[in-house]
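Asker: Sharing start_15.txt, compact mmCIF, N, CA and C atoms:
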```
# COMPACT_ATOMS: atom_id res chain seq x y z
N ASP A 14 140.80 88.31 161.84
CA ASP A 14 141.32 86.97 161.66
C ASP A 14 140.83 86.08 162.80
N ARG A 15 140.51 84.82 162.47
CA ARG A 15 140.07 83.84 163.46
C ARG A 15 140.91 82.58 163.31
N VAL A 16 141.23 81.96 164.44
CA VAL A 16 141.99 80.71 164.45
C VAL A 16 141.39 79.78 165.50
N ALA A 17 141.30 78.51 165.18
CA ALA A 17 140.83 77.49 166.13
C ALA A 17 141.69 76.25 165.94
N GLY A 18 141.66 75.37 166.89
CA GLY A 18 142.44 74.16 166.77
C GLY A 18 141.98 73.08 167.72
N ALA A 19 142.52 71.90 167.53
CA ALA A 19 142.18 70.76 168.38
C ALA A 19 143.33 69.77 168.38
N LEU A 20 143.53 69.15 169.52
CA LEU A 20 144.49 68.06 169.67
C LEU A 20 143.71 66.83 170.06
N GLY A 21 144.21 65.67 169.66
CA GLY A 21 143.50 64.46 170.04
C GLY A 21 144.42 63.27 170.15
N SER A 22 143.95 62.27 170.85
CA SER A 22 144.66 61.00 170.95
C SER A 22 143.64 59.95 171.39
N ASN A 23 144.04 58.69 171.27
CA ASN A 23 143.15 57.62 171.72
C ASN A 23 143.95 56.60 172.52
N ALA A 24 143.27 55.61 173.04
CA ALA A 24 143.89 54.61 173.92
C ALA A 24 144.95 53.77 173.20
N GLU A 25 144.87 53.69 171.86
CA GLU A 25 145.85 52.90 171.10
C GLU A 25 147.14 53.67 170.84
N GLY A 26 147.20 54.95 171.25
CA GLY A 26 148.41 55.74 171.06
C GLY A 26 148.43 56.59 169.81
N ASP A 27 147.32 56.63 169.06
CA ASP A 27 147.24 57.49 167.89
C ASP A 27 147.13 58.93 168.36
N LYS A 28 147.75 59.87 167.60
CA LYS A 28 147.73 61.29 167.96
C LYS A 28 147.47 62.12 166.72
N TRP A 29 146.82 63.25 166.91
CA TRP A 29 146.60 64.17 165.80
C TRP A 29 146.45 65.59 166.32
N CYS A 30 146.65 66.52 165.40
CA CYS A 30 146.55 67.94 165.69
C CYS A 30 145.90 68.60 164.48
N ALA A 31 144.96 69.48 164.72
CA ALA A 31 144.32 70.21 163.62
C ALA A 31 144.24 71.68 163.99
N LYS A 32 144.37 72.53 162.99
CA LYS A 32 144.27 73.97 163.18
C LYS A 32 143.60 74.53 161.95
N TRP A 33 142.72 75.49 162.11
CA TRP A 33 142.03 76.09 160.98
C TRP A 33 141.70 77.53 161.32
N GLY A 34 141.46 78.31 160.27
CA GLY A 34 141.18 79.71 160.52
C GLY A 34 140.72 80.46 159.29
N VAL A 35 140.50 81.75 159.50
CA VAL A 35 140.11 82.67 158.44
C VAL A 35 141.00 83.89 158.54
N ASN A 36 141.59 84.29 157.43
CA ASN A 36 142.40 85.50 157.37
C ASN A 36 141.70 86.52 156.49
N LYS A 37 141.60 87.74 156.96
CA LYS A 37 141.07 88.85 156.18
C LYS A 37 142.25 89.53 155.50
N LEU A 38 142.24 89.53 154.18
CA LEU A 38 143.32 90.15 153.41
C LEU A 38 142.83 91.51 152.90
N GLY A 39 143.66 92.21 152.19
CA GLY A 39 143.28 93.51 151.66
C GLY A 39 142.19 93.42 150.61
N LEU A 40 141.49 94.52 150.39
CA LEU A 40 140.46 94.67 149.37
C LEU A 40 139.30 93.68 149.54
N GLY A 41 139.04 93.25 150.77
CA GLY A 41 137.91 92.38 151.04
C GLY A 41 138.15 90.91 150.75
N VAL A 42 139.34 90.53 150.35
CA VAL A 42 139.66 89.14 150.05
C VAL A 42 139.81 88.37 151.37
N THR A 43 139.30 87.15 151.40
CA THR A 43 139.32 86.31 152.59
C THR A 43 139.94 84.95 152.25
N GLU A 44 140.72 84.42 153.18
CA GLU A 44 141.27 83.07 153.05
C GLU A 44 140.74 82.21 154.18
N GLU A 45 140.22 81.04 153.83
CA GLU A 45 139.91 80.01 154.82
C GLU A 45 141.00 78.95 154.67
N TRP A 46 141.55 78.50 155.77
CA TRP A 46 142.66 77.55 155.69
C TRP A 46 142.56 76.50 156.80
N GLY A 47 143.28 75.42 156.58
CA GLY A 47 143.32 74.36 157.57
C GLY A 47 144.61 73.58 157.48
N PHE A 48 144.98 72.98 158.58
CA PHE A 48 146.20 72.17 158.67
C PHE A 48 145.91 71.02 159.63
N LYS A 49 146.33 69.83 159.26
CA LYS A 49 146.12 68.67 160.12
C LYS A 49 147.31 67.73 159.96
N ASN A 50 147.78 67.20 161.07
CA ASN A 50 148.80 66.15 160.99
C ASN A 50 148.55 65.14 162.09
N GLY A 51 149.12 63.98 161.89
CA GLY A 51 148.91 62.95 162.90
C GLY A 51 149.77 61.73 162.67
N GLU A 52 149.67 60.84 163.62
CA GLU A 52 150.34 59.55 163.50
C GLU A 52 149.45 58.48 164.10
N LYS A 53 149.51 57.33 163.47
CA LYS A 53 148.70 56.20 163.89
C LYS A 53 149.63 55.00 164.03
N LYS A 54 149.57 54.35 165.16
CA LYS A 54 150.39 53.15 165.36
C LYS A 54 149.78 52.00 164.58
N LEU A 55 150.63 51.32 163.81
CA LEU A 55 150.17 50.12 163.11
C LEU A 55 150.06 48.99 164.11
N ARG A 56 149.02 48.23 164.00
CA ARG A 56 148.80 47.10 164.90
C ARG A 56 149.49 45.85 164.35
N VAL A 57 150.02 45.04 165.21
CA VAL A 57 150.58 43.76 164.78
C VAL A 57 149.42 42.95 164.19
N GLY A 58 149.62 42.41 162.99
CA GLY A 58 148.59 41.66 162.29
C GLY A 58 147.80 42.52 161.30
N GLN A 59 148.00 43.84 161.33
CA GLN A 59 147.31 44.71 160.38
C GLN A 59 147.85 44.45 158.98
N GLU A 60 146.95 44.44 157.98
CA GLU A 60 147.34 44.16 156.60
C GLU A 60 147.21 45.38 155.72
N MET A 61 148.09 45.43 154.70
CA MET A 61 148.05 46.49 153.69
C MET A 61 148.56 45.90 152.39
N ASP A 62 147.73 45.88 151.37
CA ASP A 62 148.12 45.39 150.04
C ASP A 62 148.75 44.00 150.12
N GLY A 63 148.19 43.11 150.92
CA GLY A 63 148.68 41.74 151.00
C GLY A 63 149.86 41.54 151.94
N GLU A 64 150.34 42.59 152.57
CA GLU A 64 151.45 42.47 153.51
C GLU A 64 150.90 42.60 154.92
N THR A 65 151.37 41.75 155.83
CA THR A 65 150.92 41.78 157.22
C THR A 65 152.03 42.34 158.10
N ASN A 66 151.71 43.33 158.91
CA ASN A 66 152.68 43.90 159.82
C ASN A 66 152.89 42.95 161.00
N MET A 67 154.13 42.58 161.24
CA MET A 67 154.44 41.69 162.36
C MET A 67 155.39 42.38 163.35
N GLU A 68 155.59 43.71 163.19
CA GLU A 68 156.51 44.46 164.06
C GLU A 68 155.76 45.46 164.92
N GLU A 69 156.19 45.60 166.17
CA GLU A 69 155.70 46.67 167.03
C GLU A 69 156.44 47.96 166.65
N GLY A 70 155.77 49.07 166.82
CA GLY A 70 156.44 50.37 166.66
C GLY A 70 156.34 51.02 165.30
N LYS A 71 155.77 50.35 164.29
CA LYS A 71 155.60 51.00 162.99
C LYS A 71 154.52 52.07 163.11
N ILE A 72 154.70 53.18 162.40
CA ILE A 72 153.77 54.31 162.51
C ILE A 72 153.39 54.81 161.12
N GLU A 73 152.11 55.08 160.94
CA GLU A 73 151.60 55.77 159.75
C GLU A 73 151.54 57.25 160.09
N THR A 74 152.01 58.11 159.18
CA THR A 74 151.98 59.55 159.43
C THR A 74 151.35 60.27 158.25
N TRP A 75 150.76 61.44 158.51
CA TRP A 75 150.21 62.26 157.45
C TRP A 75 150.19 63.72 157.86
N THR A 76 150.24 64.57 156.85
CA THR A 76 150.10 66.01 157.01
C THR A 76 149.22 66.50 155.88
N GLU A 77 148.22 67.29 156.20
CA GLU A 77 147.33 67.86 155.19
C GLU A 77 147.25 69.36 155.43
N GLN A 78 147.20 70.12 154.35
CA GLN A 78 146.93 71.55 154.48
C GLN A 78 146.12 72.00 153.27
N TRP A 79 145.28 73.00 153.48
CA TRP A 79 144.45 73.50 152.39
C TRP A 79 144.16 74.97 152.62
N CYS A 80 143.81 75.66 151.54
CA CYS A 80 143.47 77.07 151.62
C CYS A 80 142.48 77.39 150.51
N LYS A 81 141.43 78.13 150.84
CA LYS A 81 140.46 78.62 149.86
C LYS A 81 140.47 80.14 149.92
N THR A 82 140.59 80.76 148.76
CA THR A 82 140.61 82.22 148.68
C THR A 82 139.31 82.70 148.05
N PHE A 83 138.66 83.64 148.73
CA PHE A 83 137.39 84.20 148.27
C PHE A 83 137.58 85.68 147.95
N GLU A 84 137.00 86.11 146.84
CA GLU A 84 137.03 87.53 146.47
C GLU A 84 136.07 88.32 147.35
N ASP A 85 136.10 89.63 147.24
CA ASP A 85 135.27 90.49 148.09
C ASP A 85 133.77 90.27 147.89
N ASP A 86 133.38 89.74 146.73
CA ASP A 86 131.96 89.46 146.48
C ASP A 86 131.55 88.06 146.96
N GLY A 87 132.47 87.34 147.61
CA GLY A 87 132.18 86.01 148.13
C GLY A 87 132.47 84.88 147.15
N ARG A 88 132.88 85.22 145.92
CA ARG A 88 133.17 84.21 144.90
C ARG A 88 134.46 83.47 145.24
N LEU A 89 134.40 82.12 145.18
CA LEU A 89 135.60 81.30 145.35
C LEU A 89 136.52 81.56 144.17
N ALA A 90 137.75 81.98 144.46
CA ALA A 90 138.70 82.30 143.40
C ALA A 90 139.79 81.24 143.24
N HIS A 91 140.21 80.63 144.35
CA HIS A 91 141.33 79.70 144.27
C HIS A 91 141.25 78.71 145.43
N THR A 92 141.58 77.46 145.15
CA THR A 92 141.71 76.43 146.18
C THR A 92 143.06 75.75 145.99
N HIS A 93 143.76 75.55 147.08
CA HIS A 93 145.03 74.83 147.04
C HIS A 93 145.03 73.83 148.20
N ALA A 94 145.53 72.62 147.94
CA ALA A 94 145.62 71.61 148.99
C ALA A 94 146.86 70.76 148.77
N GLU A 95 147.36 70.22 149.85
CA GLU A 95 148.53 69.34 149.77
C GLU A 95 148.43 68.30 150.88
N LYS A 96 148.83 67.08 150.54
CA LYS A 96 148.83 65.98 151.52
C LYS A 96 150.12 65.19 151.35
N VAL A 97 150.77 64.92 152.47
CA VAL A 97 151.99 64.12 152.49
C VAL A 97 151.74 62.97 153.46
N GLY A 98 152.09 61.76 153.06
CA GLY A 98 151.82 60.63 153.93
C GLY A 98 152.84 59.52 153.82
N ASP A 99 152.84 58.68 154.83
CA ASP A 99 153.66 57.48 154.89
C ASP A 99 152.81 56.45 155.63
N ASN A 100 152.49 55.33 154.98
CA ASN A 100 151.54 54.38 155.59
C ASN A 100 152.19 53.39 156.56
N GLY A 101 153.49 53.53 156.81
CA GLY A 101 154.15 52.64 157.75
C GLY A 101 154.56 51.31 157.15
N PHE A 102 154.09 51.02 155.94
CA PHE A 102 154.47 49.80 155.22
C PHE A 102 155.50 50.12 154.14
N GLY A 103 156.06 51.33 154.15
CA GLY A 103 157.05 51.72 153.16
C GLY A 103 156.49 52.46 151.96
N ASP A 104 155.20 52.79 151.97
CA ASP A 104 154.60 53.57 150.90
C ASP A 104 154.56 55.03 151.34
N ARG A 105 155.09 55.92 150.49
CA ARG A 105 155.09 57.36 150.78
C ARG A 105 154.52 58.10 149.58
N TRP A 106 153.86 59.23 149.84
CA TRP A 106 153.28 60.00 148.76
C TRP A 106 153.19 61.47 149.13
N ASN A 107 153.11 62.27 148.08
CA ASN A 107 152.91 63.71 148.21
C ASN A 107 151.93 64.12 147.12
N GLU A 108 150.78 64.63 147.51
CA GLU A 108 149.75 65.06 146.56
C GLU A 108 149.56 66.57 146.67
N LYS A 109 149.37 67.23 145.53
CA LYS A 109 149.07 68.65 145.49
C LYS A 109 147.97 68.86 144.47
N TRP A 110 147.04 69.74 144.78
CA TRP A 110 146.04 70.08 143.78
C TRP A 110 145.61 71.53 143.94
N ASP A 111 145.25 72.12 142.82
CA ASP A 111 144.83 73.52 142.77
C ASP A 111 143.61 73.65 141.87
N GLU A 112 142.78 74.62 142.20
CA GLU A 112 141.64 74.99 141.36
C GLU A 112 141.61 76.51 141.30
N LEU A 113 141.49 77.04 140.10
CA LEU A 113 141.45 78.48 139.89
C LEU A 113 140.14 78.82 139.19
N TYR A 114 139.37 79.72 139.78
CA TYR A 114 138.07 80.11 139.24
C TYR A 114 138.14 81.57 138.81
N ASN A 115 137.96 81.82 137.51
CA ASN A 115 138.09 83.16 136.95
C ASN A 115 136.75 83.91 136.95
N THR A 116 136.83 85.23 136.88
CA THR A 116 135.61 86.05 136.92
C THR A 116 134.71 85.81 135.72
N ASP A 117 135.25 85.34 134.60
CA ASP A 117 134.43 85.08 133.42
C ASP A 117 133.70 83.74 133.48
N GLY A 118 133.87 83.01 134.60
CA GLY A 118 133.21 81.71 134.76
C GLY A 118 134.08 80.53 134.34
N SER A 119 135.21 80.78 133.71
CA SER A 119 136.10 79.68 133.34
C SER A 119 136.86 79.21 134.58
N ASN A 120 137.39 78.00 134.50
CA ASN A 120 138.19 77.49 135.62
C ASN A 120 139.28 76.57 135.13
N GLU A 121 140.28 76.40 135.96
CA GLU A 121 141.40 75.51 135.69
C GLU A 121 141.61 74.65 136.93
N LYS A 122 141.89 73.37 136.71
CA LYS A 122 142.15 72.45 137.81
C LYS A 122 143.37 71.61 137.44
N TRP A 123 144.24 71.40 138.41
CA TRP A 123 145.39 70.56 138.14
C TRP A 123 145.83 69.87 139.43
N ALA A 124 146.50 68.74 139.25
CA ALA A 124 146.94 67.95 140.40
C ALA A 124 148.25 67.24 140.06
N SER A 125 148.98 66.90 141.10
CA SER A 125 150.23 66.17 140.96
C SER A 125 150.33 65.21 142.14
N LYS A 126 150.73 63.98 141.88
CA LYS A 126 150.92 63.01 142.94
C LYS A 126 152.21 62.26 142.67
N ARG A 127 153.06 62.25 143.67
CA ARG A 127 154.33 61.51 143.60
C ARG A 127 154.34 60.49 144.72
N GLY A 128 154.93 59.35 144.45
CA GLY A 128 154.97 58.34 145.49
C GLY A 128 156.05 57.32 145.27
N ALA A 129 156.24 56.48 146.28
CA ALA A 129 157.23 55.40 146.21
C ALA A 129 156.78 54.26 147.10
N LYS A 130 157.15 53.04 146.71
CA LYS A 130 156.88 51.84 147.49
C LYS A 130 158.22 51.14 147.74
N ASP A 131 158.55 50.99 149.00
CA ASP A 131 159.81 50.30 149.34
C ASP A 131 159.79 48.84 148.93
N ARG A 132 158.63 48.15 149.11
CA ARG A 132 158.57 46.70 148.85
C ARG A 132 158.89 46.36 147.40
N THR A 133 158.50 47.23 146.47
CA THR A 133 158.67 46.93 145.05
C THR A 133 159.66 47.87 144.37
N SER A 134 160.19 48.83 145.09
CA SER A 134 161.07 49.87 144.54
C SER A 134 160.37 50.70 143.48
N ASP A 135 159.04 50.67 143.47
CA ASP A 135 158.28 51.48 142.50
C ASP A 135 158.33 52.95 142.90
N VAL A 136 158.44 53.81 141.91
CA VAL A 136 158.35 55.25 142.08
C VAL A 136 157.42 55.73 141.00
N TRP A 137 156.51 56.64 141.32
CA TRP A 137 155.58 57.11 140.31
C TRP A 137 155.33 58.61 140.45
N HIS A 138 154.88 59.19 139.36
CA HIS A 138 154.48 60.59 139.33
C HIS A 138 153.30 60.70 138.37
N GLU A 139 152.17 61.11 138.89
CA GLU A 139 150.96 61.31 138.08
C GLU A 139 150.65 62.80 138.06
N GLN A 140 150.18 63.28 136.91
CA GLN A 140 149.75 64.67 136.80
C GLN A 140 148.51 64.71 135.93
N TRP A 141 147.63 65.66 136.21
CA TRP A 141 146.48 65.87 135.35
C TRP A 141 146.03 67.32 135.49
N GLY A 142 145.31 67.75 134.51
CA GLY A 142 144.77 69.11 134.56
C GLY A 142 143.64 69.24 133.56
N GLU A 143 142.85 70.28 133.76
CA GLU A 143 141.77 70.56 132.82
C GLU A 143 141.45 72.05 132.86
N ARG A 144 140.95 72.55 131.74
CA ARG A 144 140.48 73.93 131.64
C ARG A 144 139.07 73.89 131.10
N ARG A 145 138.23 74.68 131.69
CA ARG A 145 136.84 74.79 131.19
C ARG A 145 136.56 76.26 130.96
N GLY A 146 135.91 76.51 129.84
CA GLY A 146 135.56 77.87 129.51
C GLY A 146 134.41 78.38 130.32
N GLY A 147 134.14 79.65 130.17
CA GLY A 147 133.03 80.29 130.88
C GLY A 147 131.69 79.88 130.32
N PRO A 148 130.62 80.51 130.76
CA PRO A 148 129.26 80.12 130.35
C PRO A 148 128.99 80.28 128.86
N GLU A 149 129.80 81.07 128.17
CA GLU A 149 129.60 81.30 126.73
C GLU A 149 130.05 80.11 125.90
N GLU A 150 130.95 79.29 126.42
CA GLU A 150 131.50 78.16 125.63
C GLU A 150 130.68 76.92 125.76
```
If you convert what's in this file into structure tokens, what do you get?
Answerer:
Amino acid sequence: DRVAGALGSNAEGDKWCAKWGVNKLGLGVTEEWGFKNGEKKLRVGQEMDGETNMEEGKIETWTEQWCKTFEDDGRLAHTHAEKVGDNGFGDRWNEKWDELYNTDGSNEKWASKRGAKDRTSDVWHEQWGERRGGPEE
């Protein structure tokens, strides 16, 4: 197993942390994974969707994580990712997506995104998916 990481910041006060690695599982299966989170200070005068921030101290935050699973022959078998965010203007979201790759060449992909906007009281949920057959189809 291998793990690496990094921390960062800048003069404006933005901060982030990232970590990634490889896990060796049984039967030759390997996982590559990553995780990242951070916060960014909104600047006074910064605009988003027609709204201008006029307050000090607002913060945009995010968290991302992902994992890819490889079979013993090196074939990508599964990908999973998730992202959670808040843009500091009252918009929040949570996205998830997966991809599954079968030995016959077929695959399945699906995603889900949920969110809300404080300014408009909007709440939404989007979903999609697809299946594709193997090389014979």
Asker: Give me the residues near region 104-117 of chain A as a list in words, where near means some atom within 5 Å (using only N, CA and C atoms) and where sequence neighbours in that chain fewer than 6 positions away do not count.
Answerer: Ala90, His91, Thr92, His93, Ala94, Glu95, Lys96, Val97, Gly98, Trp123, Ala124, Ser125, Lys126, Arg127, Gly128, Ala129, Lys130, Asp131 and Gly147 of chain A
Asker: Residues of region 29-54 of chain A that approach region 62-81 of chain A to 6 Å or less, counting only N, CA and C atoms: could you list each one with the shortest pair of atoms and its distance in Å to one decimal, rows by chain and increasing residue number, as a tab-separated table?
Answerer:
```
residue	atom	partner	partner_atom	distance
A:Thr43	C	A:Lys81	C	5.4
A:Glu44	CA	A:Lys81	C	4.4
A:Glu45	C	A:Lys81	N	3.9
A:Trp46	CA	A:Cys80	CA	4.2
A:Gly47	N	A:Trp79	C	4.1
A:Phe48	CA	A:Gln78	CA	4.3
A:Lys49	C	A:Glu77	N	3.9
A:Asn50	CA	A:Thr76	CA	4.2
A:Gly51	N	A:Trp75	C	4.2
A:Glu52	CA	A:Glu73	C	4.3
A:Lys53	N	A:Glu73	C	3.9
A:Lys54	CA	A:Ile72	CA	4.6
```
Asker: Do you know which residues are at most 10 Å from Leu38 (chain A) counting only C-alpha atoms, after dropping those on the same chain fewer than 5 positions away, and could you put them as a list in words?
Answerer: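 So, after excluding close chain neighbours, the residues are Asp14, Thr43, Glu44, Thr82, Phe83, Glu84 and Asp85 of chain A.
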Asker: Assuming 5 Å of padding per side, give the centre and edge lengths of the axis-aligned box around every listed atom of region 45-52 of chain A, in Å to one decimal and as AutoDock Vina command-line options.
Answerer:
```
--center_x 145.1 --center_y 69.8 --center_z 159.0 --size_x 20.4 --size_y 32.6 --size_z 20.3
```
Asker: So that I can check the secondary structure, give me every residue of region 21-144 of chain A assigned strand (DSSP E or B) by backbone DSSP, as a ChimeraX atom specification.
Answerer: /A:21-22,28-37,43-54,60-61,64-65,72-83,89-99,104-114,120-130,135-144
Asker: For Gly41 (chain A), which of A:Gly118, A:Gly146, A:Gly87, A:Gly58 is the closest residue, counting all atoms listed in the file?
Answerer: A:Gly87
Asker: List as a list of chain:residue names: which residues have an atom within 9 Å of (140.5, 71.7, 132.9), counting only C-alpha atoms?
Answerer: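 Here is the list of nearby residues: A:Asn120, A:Glu121, A:Lys122, A:Trp123, A:Trp141, A:Gly142, A:Glu143, A:Arg144, A:Arg145, A:Gly146.
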Asker: Counting only C-alpha atoms, which residue out of A:Val136, A:Leu89, A:Val16, A:Met61 sits closest to Val42 (chain A)?
Answerer: A:Leu89
Asker: CA of Ala17 (chain A) and CA of Trp29 (chain A) are how many Å apart?
Answerer: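 Separating CA of Ala17 (chain A) from CA of Trp29 (chain A) is a distance of 14.5 Å.
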